[in-house]
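protein27.cif, holding mmCIF, C-alpha atoms and all ligand atoms:
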```cif
data_entry
#
loop_
_atom_site.label_atom_id
_atom_site.label_comp_id
_atom_site.auth_asym_id
_atom_site.auth_seq_id
_atom_site.Cartn_x
_atom_site.Cartn_y
_atom_site.Cartn_z
CA MET A 25 -44.49 -14.75 32.84
CA VAL A 26 -47.16 -12.69 31.19
CA LYS A 27 -46.47 -8.98 31.46
CA LYS A 28 -48.92 -6.18 32.01
CA PHE A 29 -49.66 -3.38 29.64
CA PRO A 30 -47.02 -0.61 30.09
CA GLU A 31 -47.71 2.33 32.35
CA LYS A 32 -49.11 5.45 30.77
CA GLY A 33 -46.46 8.15 30.39
CA THR A 34 -43.61 5.69 29.81
CA PRO A 35 -41.72 5.57 26.50
CA LEU A 36 -42.89 1.99 25.97
CA TYR A 37 -46.54 3.06 26.35
CA ASP A 38 -46.11 5.77 23.68
CA GLN A 39 -44.35 3.30 21.40
CA ILE A 40 -47.22 0.78 21.73
CA VAL A 41 -49.81 3.55 21.07
CA SER A 42 -48.06 4.63 17.87
CA ARG A 43 -47.73 1.02 16.65
CA VAL A 44 -51.42 0.39 17.26
CA GLU A 45 -52.47 3.64 15.64
CA ARG A 46 -50.41 3.01 12.51
CA GLY A 47 -51.98 -0.48 12.10
CA ASP A 48 -49.32 -3.01 13.20
CA SER A 49 -50.63 -6.52 13.88
CA TYR A 50 -52.08 -6.82 17.44
CA GLY A 51 -50.62 -10.33 17.71
CA ASP A 52 -47.10 -9.03 16.88
CA ILE A 53 -47.34 -6.18 19.37
CA ALA A 54 -48.74 -8.42 22.14
CA GLU A 55 -45.97 -10.95 21.58
CA SER A 56 -43.30 -8.24 21.65
CA ILE A 57 -44.33 -7.24 25.17
CA ASP A 58 -45.05 -10.82 26.35
CA MET A 59 -48.83 -10.36 26.59
CA THR A 60 -51.57 -12.72 25.41
CA PHE A 61 -53.55 -11.59 22.43
CA LYS A 62 -56.75 -11.37 24.50
CA GLY A 63 -55.05 -9.59 27.42
CA PHE A 64 -53.54 -7.07 24.98
CA LYS A 65 -56.89 -6.38 23.31
CA ASP A 66 -58.60 -5.96 26.68
CA ALA A 67 -55.89 -3.54 27.73
CA LEU A 68 -56.29 -1.53 24.52
CA ARG A 69 -60.04 -1.27 25.12
CA ALA A 70 -59.47 -0.21 28.73
CA GLU A 71 -56.93 2.44 27.66
CA GLY A 72 -59.11 3.64 24.75
CA ILE A 73 -56.35 3.05 22.16
CA LYS A 74 -57.48 2.31 18.58
CA ARG A 75 -56.13 1.97 15.10
CA LYS A 76 -56.40 5.17 13.13
CA GLN A 77 -58.80 4.60 10.20
CA THR A 78 -56.67 5.78 7.28
CA ASN A 79 -55.07 4.18 4.25
CA PHE A 80 -53.37 7.29 2.82
CA GLU A 81 -50.31 9.22 3.86
CA GLY A 82 -49.34 12.53 2.35
CA VAL A 83 -50.92 15.87 1.51
CA LEU A 84 -54.39 15.73 0.02
CA PRO A 85 -55.40 18.18 -2.76
CA PRO A 86 -57.99 20.77 -1.76
CA ALA A 87 -61.63 19.73 -1.58
CA TYR A 88 -63.78 20.96 -4.49
CA GLU A 89 -65.67 24.15 -4.00
CA LEU A 90 -68.01 25.57 -6.61
CA SER A 91 -65.81 28.05 -8.48
CA LYS A 92 -66.83 31.66 -8.74
CA SER A 93 -67.20 32.85 -12.35
CA ALA A 94 -65.95 36.24 -13.59
CA THR A 95 -68.48 39.02 -13.27
CA TRP A 96 -70.43 40.79 -16.00
CA GLU A 97 -68.16 43.82 -15.57
CA GLU A 98 -65.00 41.68 -15.76
CA HIS A 99 -66.20 40.02 -18.96
CA LEU A 100 -66.86 43.37 -20.57
CA GLU A 101 -63.56 44.86 -19.44
CA VAL A 102 -61.40 41.94 -20.62
CA ILE A 103 -63.22 41.48 -23.94
CA GLN A 104 -62.98 45.21 -24.61
CA ARG A 105 -59.21 45.11 -24.00
CA MET A 106 -58.94 42.08 -26.30
CA ASP A 107 -60.96 43.97 -28.91
CA ASN A 108 -58.44 46.82 -28.77
CA LEU A 109 -55.64 44.32 -29.34
CA VAL A 110 -57.39 42.67 -32.28
CA ALA A 111 -58.39 46.04 -33.77
CA PHE A 112 -54.78 46.64 -34.76
CA HIS A 113 -55.00 43.65 -37.09
CA GLN A 114 -58.65 43.91 -38.14
CA ARG A 115 -59.41 47.55 -38.75
CA VAL A 116 -58.20 49.49 -41.74
CA PRO A 117 -58.79 53.07 -42.83
CA SER A 118 -61.98 53.27 -44.86
CA GLU A 119 -61.83 57.01 -45.60
CA ILE A 120 -58.62 58.77 -46.53
CA THR A 121 -57.43 61.82 -48.46
CA ILE A 122 -54.86 61.63 -51.23
CA LYS A 123 -53.45 65.02 -52.13
CA ILE A 124 -52.15 65.61 -55.62
CA ASN A 125 -50.46 68.98 -55.93
CA THR A 126 -50.82 69.80 -59.59
CA ASP A 127 -52.22 72.35 -61.98
CA LYS A 128 -52.79 69.73 -64.70
CA PRO A 129 -55.51 67.10 -65.02
CA VAL A 130 -54.60 63.70 -63.57
CA ILE A 131 -55.63 60.13 -64.39
CA ARG A 132 -56.63 57.49 -61.89
CA VAL A 133 -57.23 53.88 -63.01
CA ALA A 134 -59.57 51.30 -61.47
CA THR A 135 -58.46 47.72 -62.02
CA ALA A 136 -59.78 44.54 -60.39
CA ASP A 137 -60.59 40.84 -60.79
CA TRP A 138 -57.19 39.85 -62.12
CA HIS A 139 -57.76 36.26 -60.92
CA LEU A 140 -54.05 35.48 -61.25
CA GLY A 141 -53.36 31.76 -61.18
CA MET A 142 -56.59 30.75 -62.86
CA PHE A 143 -56.41 28.95 -66.18
CA GLY A 144 -58.38 30.99 -68.70
CA VAL A 145 -56.87 34.32 -67.67
CA ASP A 146 -55.56 36.55 -70.46
CA TYR A 147 -52.02 36.70 -69.10
CA GLN A 148 -50.78 38.56 -72.18
CA ALA A 149 -53.25 41.36 -71.38
CA VAL A 150 -52.15 41.33 -67.71
CA LYS A 151 -48.57 41.77 -68.84
CA SER A 152 -49.21 44.50 -71.35
CA ASP A 153 -51.58 46.47 -69.05
CA CYS A 154 -49.23 46.32 -66.09
CA LEU A 155 -46.30 47.44 -68.21
CA PHE A 156 -48.48 50.19 -69.70
CA MET A 157 -49.41 51.49 -66.24
CA ARG A 158 -45.82 51.34 -65.02
CA ASP A 159 -44.26 52.85 -68.14
CA ASN A 160 -46.84 55.66 -68.43
CA ASP A 161 -46.55 56.48 -64.74
CA LEU A 162 -50.28 55.89 -64.28
CA LYS A 163 -51.71 55.63 -60.79
CA ALA A 164 -54.23 52.90 -60.05
CA ASN A 165 -56.50 51.56 -57.36
CA ILE A 166 -56.13 47.78 -57.18
CA GLY A 167 -59.41 46.05 -56.45
CA GLY A 168 -60.35 42.61 -55.26
CA ASP A 169 -59.89 39.09 -56.62
CA GLY A 170 -56.25 39.77 -57.46
CA TYR A 171 -55.51 36.04 -57.30
CA HIS A 172 -57.84 33.10 -57.84
CA ASN A 173 -57.28 31.29 -54.52
CA ILE A 174 -59.76 28.44 -54.76
CA ILE A 175 -59.17 26.82 -51.37
CA GLN A 176 -62.60 25.50 -50.40
CA PRO A 177 -62.88 21.73 -49.87
CA SER A 178 -66.24 21.94 -51.67
CA LYS A 179 -64.42 23.18 -54.79
CA MET A 180 -61.70 20.52 -54.95
CA GLY A 181 -62.26 19.92 -58.65
CA SER A 182 -62.23 23.61 -59.44
CA GLY A 183 -59.05 23.82 -57.41
CA HIS A 184 -57.34 21.89 -60.21
CA ASN A 185 -58.24 24.65 -62.64
CA GLN A 186 -55.53 26.90 -61.23
CA THR A 187 -51.82 27.04 -60.52
CA PRO A 188 -50.66 26.18 -57.00
CA ILE A 189 -51.85 28.95 -54.69
CA SER A 190 -48.31 29.75 -53.54
CA VAL A 191 -47.42 30.45 -57.19
CA GLN A 192 -50.44 32.65 -57.88
CA LYS A 193 -49.91 34.57 -54.65
CA GLY A 194 -46.26 34.93 -55.64
CA LEU A 195 -47.26 36.47 -58.97
CA TYR A 196 -49.69 38.79 -57.13
CA VAL A 197 -46.97 40.00 -54.76
CA LEU A 198 -44.47 40.47 -57.59
CA THR A 199 -47.09 42.40 -59.61
CA LEU A 200 -47.79 44.72 -56.66
CA GLU A 201 -44.06 45.19 -56.17
CA MET A 202 -43.55 45.96 -59.85
CA LEU A 203 -46.42 48.48 -59.80
CA LYS A 204 -45.51 49.85 -56.36
CA ASP A 205 -45.07 53.43 -57.59
CA SER A 206 -48.28 53.21 -59.63
CA ILE A 207 -50.58 52.15 -56.78
CA ASP A 208 -52.73 54.42 -54.62
CA THR A 209 -54.77 51.78 -52.76
CA VAL A 210 -55.26 48.00 -52.60
CA ARG A 211 -58.36 46.08 -51.52
CA THR A 212 -59.32 42.45 -51.08
CA GLY A 213 -62.09 40.56 -52.88
CA ASN A 214 -64.13 37.48 -52.13
CA HIS A 215 -61.46 35.25 -53.72
CA ASN A 216 -58.52 36.70 -51.74
CA TYR A 217 -60.61 36.75 -48.58
CA TRP A 218 -61.51 33.06 -48.66
CA ALA A 219 -58.06 32.51 -47.15
CA ALA A 220 -58.81 34.94 -44.29
CA LEU A 221 -62.18 33.31 -43.75
CA ALA A 222 -60.52 29.88 -43.53
CA GLU A 223 -57.52 30.87 -41.43
CA GLY A 224 -58.57 33.97 -39.51
CA GLU A 225 -55.57 35.95 -40.73
CA ASP A 226 -55.71 38.45 -43.57
CA TRP A 227 -52.42 37.88 -45.37
CA ASP A 228 -53.20 40.55 -48.00
CA ARG A 229 -52.86 43.03 -45.20
CA GLU A 230 -49.41 41.64 -44.37
CA ILE A 231 -48.39 41.53 -48.04
CA THR A 232 -49.35 45.18 -48.57
CA ARG A 233 -47.77 46.23 -45.28
CA LYS A 234 -44.46 44.70 -46.39
CA ILE A 235 -44.57 46.51 -49.73
CA LYS A 236 -45.75 49.69 -47.92
CA LEU A 237 -49.01 50.03 -49.82
CA LEU A 238 -52.28 51.44 -48.50
CA TYR A 239 -54.65 48.52 -47.82
CA MET A 240 -58.36 49.36 -47.48
CA LYS A 241 -59.68 45.80 -47.20
CA HIS A 242 -63.34 45.50 -48.31
CA PHE A 243 -64.13 49.04 -49.41
CA GLY A 244 -62.58 52.47 -49.48
CA VAL A 245 -63.52 56.10 -49.80
CA VAL A 246 -60.65 58.14 -51.17
CA TYR A 247 -60.96 61.92 -51.25
CA TYR A 248 -58.72 62.89 -54.15
CA LYS A 249 -57.66 66.47 -53.64
CA VAL A 250 -56.48 67.42 -57.11
CA GLY A 251 -55.11 70.96 -57.10
CA ASN A 252 -58.01 73.04 -55.78
CA MET A 253 -60.73 70.41 -56.35
CA VAL A 254 -61.86 67.46 -54.27
CA TYR A 255 -63.26 64.32 -55.91
CA PRO A 256 -64.37 61.61 -53.46
CA TRP A 257 -64.21 58.08 -54.85
CA LEU A 258 -66.15 55.17 -53.36
CA MET A 259 -64.65 51.78 -54.29
CA LEU A 260 -65.98 48.37 -53.35
CA HIS A 261 -65.74 44.81 -54.54
CA LYS A 262 -69.07 43.13 -53.77
CA SER A 263 -72.24 44.89 -52.78
CA ARG A 264 -75.99 44.88 -53.02
CA TYR A 265 -78.10 46.62 -55.68
CA ASN A 266 -76.81 44.60 -58.63
CA SER A 267 -78.68 44.62 -61.90
CA SER A 268 -77.69 42.43 -64.83
CA PHE A 269 -79.25 44.90 -67.28
CA ASN A 270 -78.28 48.17 -65.66
CA LEU A 271 -74.68 47.54 -64.60
CA THR A 272 -74.13 50.91 -62.96
CA HIS A 273 -77.29 50.65 -60.84
CA ASN A 274 -75.12 49.24 -58.05
CA CYS A 275 -72.83 52.31 -58.11
CA LYS A 276 -75.68 54.83 -58.10
CA GLN A 277 -77.64 53.14 -55.34
CA ASN A 278 -74.57 52.90 -53.09
CA GLN A 279 -73.97 56.59 -53.70
CA ARG A 280 -77.58 57.51 -52.93
CA MET A 281 -77.90 55.29 -49.87
CA TYR A 282 -74.55 55.73 -48.13
CA PHE A 283 -72.07 58.04 -49.87
CA PRO A 284 -73.91 60.97 -51.45
CA LYS A 285 -70.66 62.95 -51.57
CA ALA A 286 -69.02 60.41 -53.89
CA ARG A 287 -68.23 61.66 -57.38
CA VAL A 288 -66.78 58.40 -58.66
CA VAL A 289 -68.17 55.02 -57.63
CA VAL A 290 -66.25 51.88 -58.58
CA ALA A 291 -67.90 48.47 -58.20
CA GLU A 292 -66.05 45.30 -59.13
CA HIS A 293 -66.74 41.55 -58.97
CA ASN A 294 -69.13 41.04 -61.89
CA HIS A 295 -66.35 41.03 -64.52
CA ILE A 296 -68.41 43.00 -67.05
CA ALA A 297 -67.16 46.54 -67.37
CA ALA A 298 -69.18 49.69 -67.88
CA VAL A 299 -68.60 53.41 -67.47
CA GLU A 300 -71.38 55.94 -67.18
CA GLN A 301 -71.16 59.65 -66.68
CA TYR A 302 -74.27 61.05 -65.05
CA ARG A 303 -75.57 63.87 -62.94
CA TYR A 304 -76.38 63.50 -59.23
CA ASP A 305 -77.15 66.34 -56.81
CA ASN A 306 -76.37 68.79 -59.58
CA GLN A 307 -72.82 67.47 -60.03
CA GLU A 308 -71.15 65.36 -62.68
CA CYS A 309 -70.36 61.84 -61.45
CA VAL A 310 -68.80 58.71 -62.94
CA ALA A 311 -70.04 55.18 -62.27
CA ILE A 312 -67.56 52.41 -63.04
CA ARG A 313 -67.84 48.66 -63.25
CA THR A 314 -64.42 47.12 -63.73
CA GLY A 315 -63.61 44.24 -66.06
CA THR A 316 -61.43 41.18 -65.50
CA TYR A 317 -58.62 39.17 -67.03
CA ALA A 318 -60.57 35.93 -66.40
CA VAL A 319 -62.02 35.75 -69.89
CA TYR A 320 -62.34 31.97 -70.18
CA ASP A 321 -63.93 31.31 -66.82
CA ASP A 322 -65.35 27.85 -66.13
CA TYR A 323 -67.46 29.12 -63.22
CA ALA A 324 -68.92 31.95 -65.33
CA GLN A 325 -69.78 29.56 -68.14
CA GLN A 326 -71.29 27.03 -65.75
CA ASN A 327 -73.59 29.69 -64.35
CA GLY A 328 -74.38 31.55 -67.54
CA TYR A 329 -72.41 34.69 -66.78
CA PHE A 330 -71.46 35.85 -70.25
CA GLY A 331 -69.75 39.04 -71.29
CA ALA A 332 -66.62 39.13 -69.12
CA HIS A 333 -63.92 41.18 -70.76
CA VAL A 334 -60.56 42.80 -70.09
CA CYS A 335 -61.09 46.39 -69.04
CA ASN A 336 -59.40 48.86 -66.73
CA PRO A 337 -61.49 52.07 -66.69
CA ALA A 338 -59.98 55.43 -65.75
CA VAL A 339 -61.10 58.91 -64.76
CA VAL A 340 -59.44 62.20 -65.60
CA MET A 341 -59.84 64.79 -62.82
CA PHE A 342 -59.24 68.47 -63.43
CA PRO A 343 -57.49 70.62 -60.80
CA ASN A 344 -58.86 74.12 -61.36
CA GLU A 345 -62.43 73.45 -62.42
CA ASP A 346 -65.01 70.92 -61.26
CA LYS A 347 -64.61 68.51 -64.15
CA LEU A 348 -64.42 64.74 -64.40
CA VAL A 349 -64.17 62.62 -67.52
CA GLY A 350 -64.58 58.85 -67.40
CA PHE A 351 -63.03 56.42 -69.88
CA LYS A 352 -63.76 52.75 -70.22
CA ASP A 353 -60.19 52.06 -71.35
CA MET A 354 -57.30 53.62 -69.45
CA ARG A 355 -55.38 53.96 -72.72
CA ASP A 356 -58.04 56.37 -74.01
CA ALA A 357 -57.62 58.50 -70.88
CA VAL A 358 -53.92 58.72 -71.66
CA THR A 359 -54.62 59.67 -75.28
CA TYR A 360 -57.10 62.33 -74.07
CA CYS A 361 -54.61 63.79 -71.62
CA ARG A 362 -51.85 63.85 -74.21
CA GLY A 363 -54.27 65.83 -76.35
CA LEU A 364 -54.58 68.27 -73.47
CA VAL A 365 -50.78 68.18 -73.11
CA CYS A 366 -51.20 67.35 -69.49
CA VAL A 367 -49.44 64.06 -68.80
FE FE B 1 -63.83 38.27 -59.59
FE FE B 2 -65.28 38.82 -56.77
#
```
Go ahead and express the file in the form of structure tokens.
Ligand SMILES: [Fe+2]
Ligand SMILES: [Fe+2]
Amino acid sequence: MVKKFPEKGTPLYDQIVSRVERGDSYGDIAESIDMTFKGFKDALRAEGIKRKQTNFEGVLPPAYELSKSATWEEHLEVIQRMDNLVAFHQRVPSEITIKINTDKPVIRVATADWHLGMFGVDYQAVKSDCLFMRDNDLKANIGGDGYHNIIQPSKMGSGHNQTPISVQKGLYVLTLEMLKDSIDTVRTGNHNYWAALAEGEDWDREITRKIKLLYMKHFGVVYYKVGNMVYPWLMLHKSRYNSSFNLTHNCKQNQRMYFPKARVVVAEHNHIAAVEQYRYDNQECVAIRTGTYAVYDDYAQQNGYFGAHVCNPAVVMFPNEDKLVGFKDMRDAVTYCRGLVCV
């Protein structure tokens, strides 16, 4: 006998509702309660029971809403905080004072463009100059291009004209360590800095930090307080105002434009040394272009840059009178001071 649809409110009614809603076959359900397929469907329609239209069970992820971007103020605040964090790595002192308590004249050497690792460097001169500085207790400012560091993909061929970079950097570090007590400041040059430009990290800064040397990166102004006198030095590797004929034009223009207090201006990078003593603002000044050890330089010859020579200029500064004397060769400064019985 065909049964009727269960009464509402009975457990069997609820069971049938849940089976229908979850999608069980109508035929199976009808058969299980001894109803005809048609009678069952009519009953469902009369009771208003339907399959639930879903094919997914579980928790859905949230619906997309247009995300709110950080505000103008938030951008500024976060970037400024990031800038403070980066500043620790990026910024270096550009103006410092070095006090020399003495009543005798002192010598300070400017040396740069060592290009260690390049083939065509006068390594014998490197050796003898470094030993001379160390053994005569000279103090020097170490300029840029300390090691050759050809790392650019565009210079692959030129990259073969050098020792492995790890080896040249090793020699640079060992040279700085050997001269540690003879060094006032260290700076980078375009060759050293290619690595920082490629990698974002300035390893010269880390090298000098480990050896506990004063690193001034691209340029430095050192106020040498010698006894009672103050002699500000401006030192830079590359700059504007270069003249092939008038080598010290660069030094004088930088002094006039930006550092009128400078008494010594050292400019490196061009590998052709010059020293000129001149008068500016009624005071004696010394302009210096440093030399190089890269005396057989393929790049220089390719581009017609002749005249590179080994040269570490030096300046003698007097402590009790306003007097500076520039020497193209540091050895002559030593001879001069020995004549004054001041070393
Ligand atoms: Fe150089
Ligand atoms: Fe350079």
Non-local contacts of A:Met259 (12 Å; all atoms listed in the file; under 2 positions in same chain excluded) as a VMD selection string: chain A and resid 118 to 119 133 to 136 164 to 168 209 to 213 240 to 247 256 to 257 261 to 263 274 to 275 278 to 279 283 286 to 293 310 to 314
Distance of atom CA of A:Val334 from atom CA of A:Ala149, expressed in Å to one decimal place: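 Those two atoms sit 7.6 Å apart.
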Report, as JSON, the axis-aligned box around all atoms of stretch 192-198 of chain A present in the file, extended by 4 Å on each side; give centre and edge lengths in Å to one decimal place.
```
{"center_x": -47.5, "center_y": 36.6, "center_z": -56.8, "size_x": 14.0, "size_y": 15.8, "size_z": 12.3}
```
Tell me which protein, DNA and RNA residues are within 9 Å of A:Asp226, counting all atoms listed in the file, leaving out same-chain ones fewer than 3 positions away, and put them as an mmCIF file with C-alpha atoms, keeping the file's coordinate frame.
```cif
data_model
loop_
_atom_site.group_PDB
_atom_site.id
_atom_site.type_symbol
_atom_site.label_atom_id
_atom_site.label_comp_id
_atom_site.auth_asym_id
_atom_site.auth_seq_id
_atom_site.Cartn_x
_atom_site.Cartn_y
_atom_site.Cartn_z
ATOM 1 C CA HIS A 113 -55.000 43.650 -37.090
ATOM 2 C CA GLN A 114 -58.650 43.910 -38.140
ATOM 3 C CA ASN A 216 -58.520 36.700 -51.740
ATOM 4 C CA TYR A 217 -60.610 36.750 -48.580
ATOM 5 C CA ALA A 219 -58.060 32.510 -47.150
ATOM 6 C CA ALA A 220 -58.810 34.940 -44.290
ATOM 7 C CA LEU A 221 -62.180 33.310 -43.750
ATOM 8 C CA GLU A 223 -57.520 30.870 -41.430
ATOM 9 C CA ARG A 229 -52.860 43.030 -45.200
ATOM 10 C CA GLU A 230 -49.410 41.640 -44.370
#
```
With stretch 183-201 of chain A as the partner and 12 Å as the cut-off, tabulate the residues of stretch 310-361 of chain A that qualify, each row holding the nearest pair of atoms and their distance in Å to one decimal, using all atoms listed in the file, sorted by chain and rising number, as a Markdown table.
```
| residue | atom | partner | partner_atom | distance |
| --- | --- | --- | --- | --- |
| A:Ala318 | CA | A:Gln186 | CA | 11.6 |
| A:Tyr320 | CA | A:Asn185 | CA | 11.3 |
| A:Asp321 | CA | A:Asn185 | CA | 9.7 |
| A:Asp322 | CA | A:Asn185 | CA | 8.5 |
| A:Tyr323 | CA | A:Asn185 | CA | 10.3 |
```
Distance of atom CA of A:Gln39 from atom CA of A:Phe80, expressed in Å to one decimal place: 21.0 Å
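Separating atom CA of A:Pro284 from atom CA of A:Ala332 is a distance of 29.0 Å.
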Of the listed residues A:Leu109, A:Leu260, A:Ile231, A:Ala357, that which approaches ligand FE 2 (chain B) most closely, counting all atoms listed in the file: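 That would be A:Leu260, the residue with the smallest distance to ligand FE 2 (chain B).
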Please list as a PDB file with C-alpha atoms, in the frame of the given file every residue within 9 Å of A:Lys204, counting all atoms listed in the file and excluding residues in the same chain fewer than 2 positions away.
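Once everything was written out, this is result.pdb:
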```pdb
ATOM      1  CA  ARG A 158     -45.820  51.340 -65.020  1.00  0.00           C
ATOM      2  CA  THR A 199     -47.090  42.400 -59.610  1.00  0.00           C
ATOM      3  CA  LEU A 200     -47.790  44.720 -56.660  1.00  0.00           C
ATOM      4  CA  GLU A 201     -44.060  45.190 -56.170  1.00  0.00           C
ATOM      5  CA  MET A 202     -43.550  45.960 -59.850  1.00  0.00           C
ATOM      6  CA  SER A 206     -48.280  53.210 -59.630  1.00  0.00           C
ATOM      7  CA  ILE A 207     -50.580  52.150 -56.780  1.00  0.00           C
ATOM      8  CA  ASP A 208     -52.730  54.420 -54.620  1.00  0.00           C
ATOM      9  CA  ILE A 235     -44.570  46.510 -49.730  1.00  0.00           C
ATOM     10  CA  LYS A 236     -45.750  49.690 -47.920  1.00  0.00           C
ATOM     11  CA  LEU A 237     -49.010  50.030 -49.820  1.00  0.00           C
TER      12      LEU A 237
END
```
Residue nearest ligand FE 1 (chain B) - candidates A:Arg132, A:Lys92, A:Lys28, A:His172, atoms counted: all atoms listed in the file: A:His172
Nearest residue to ligand FE 1 (chain B) from the set A:Ile120, A:Val319, A:Leu238, A:Ile57 (distances using all atoms listed in the file):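 Of the candidates, the smallest distance to ligand FE 1 (chain B) is held by A:Val319.
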Option closest in space to A:Pro129, from A:Gln325, A:Asn252, A:Asn294, A:Ser93 [counting all atoms listed in the file]: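 Closest to A:Pro129 of all the choices is A:Asn252.
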Top pick for closest residue to ligand FE 2 (chain B), considering A:Arg233, A:Lys285, A:Lys179, A:His139 and counting only C-alpha atoms and all ligand atoms: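 Counting only C-alpha atoms and all ligand atoms, the residue closest to ligand FE 2 (chain B) is A:His139.
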Using all atoms listed in the file: which of A:Ile73, A:Ala324, A:Ala111, A:Ile124 has the shortest distance to ligand FE 1 (chain B):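 Among the listed residues, the smallest separation from ligand FE 1 (chain B) belongs to A:Ala324.
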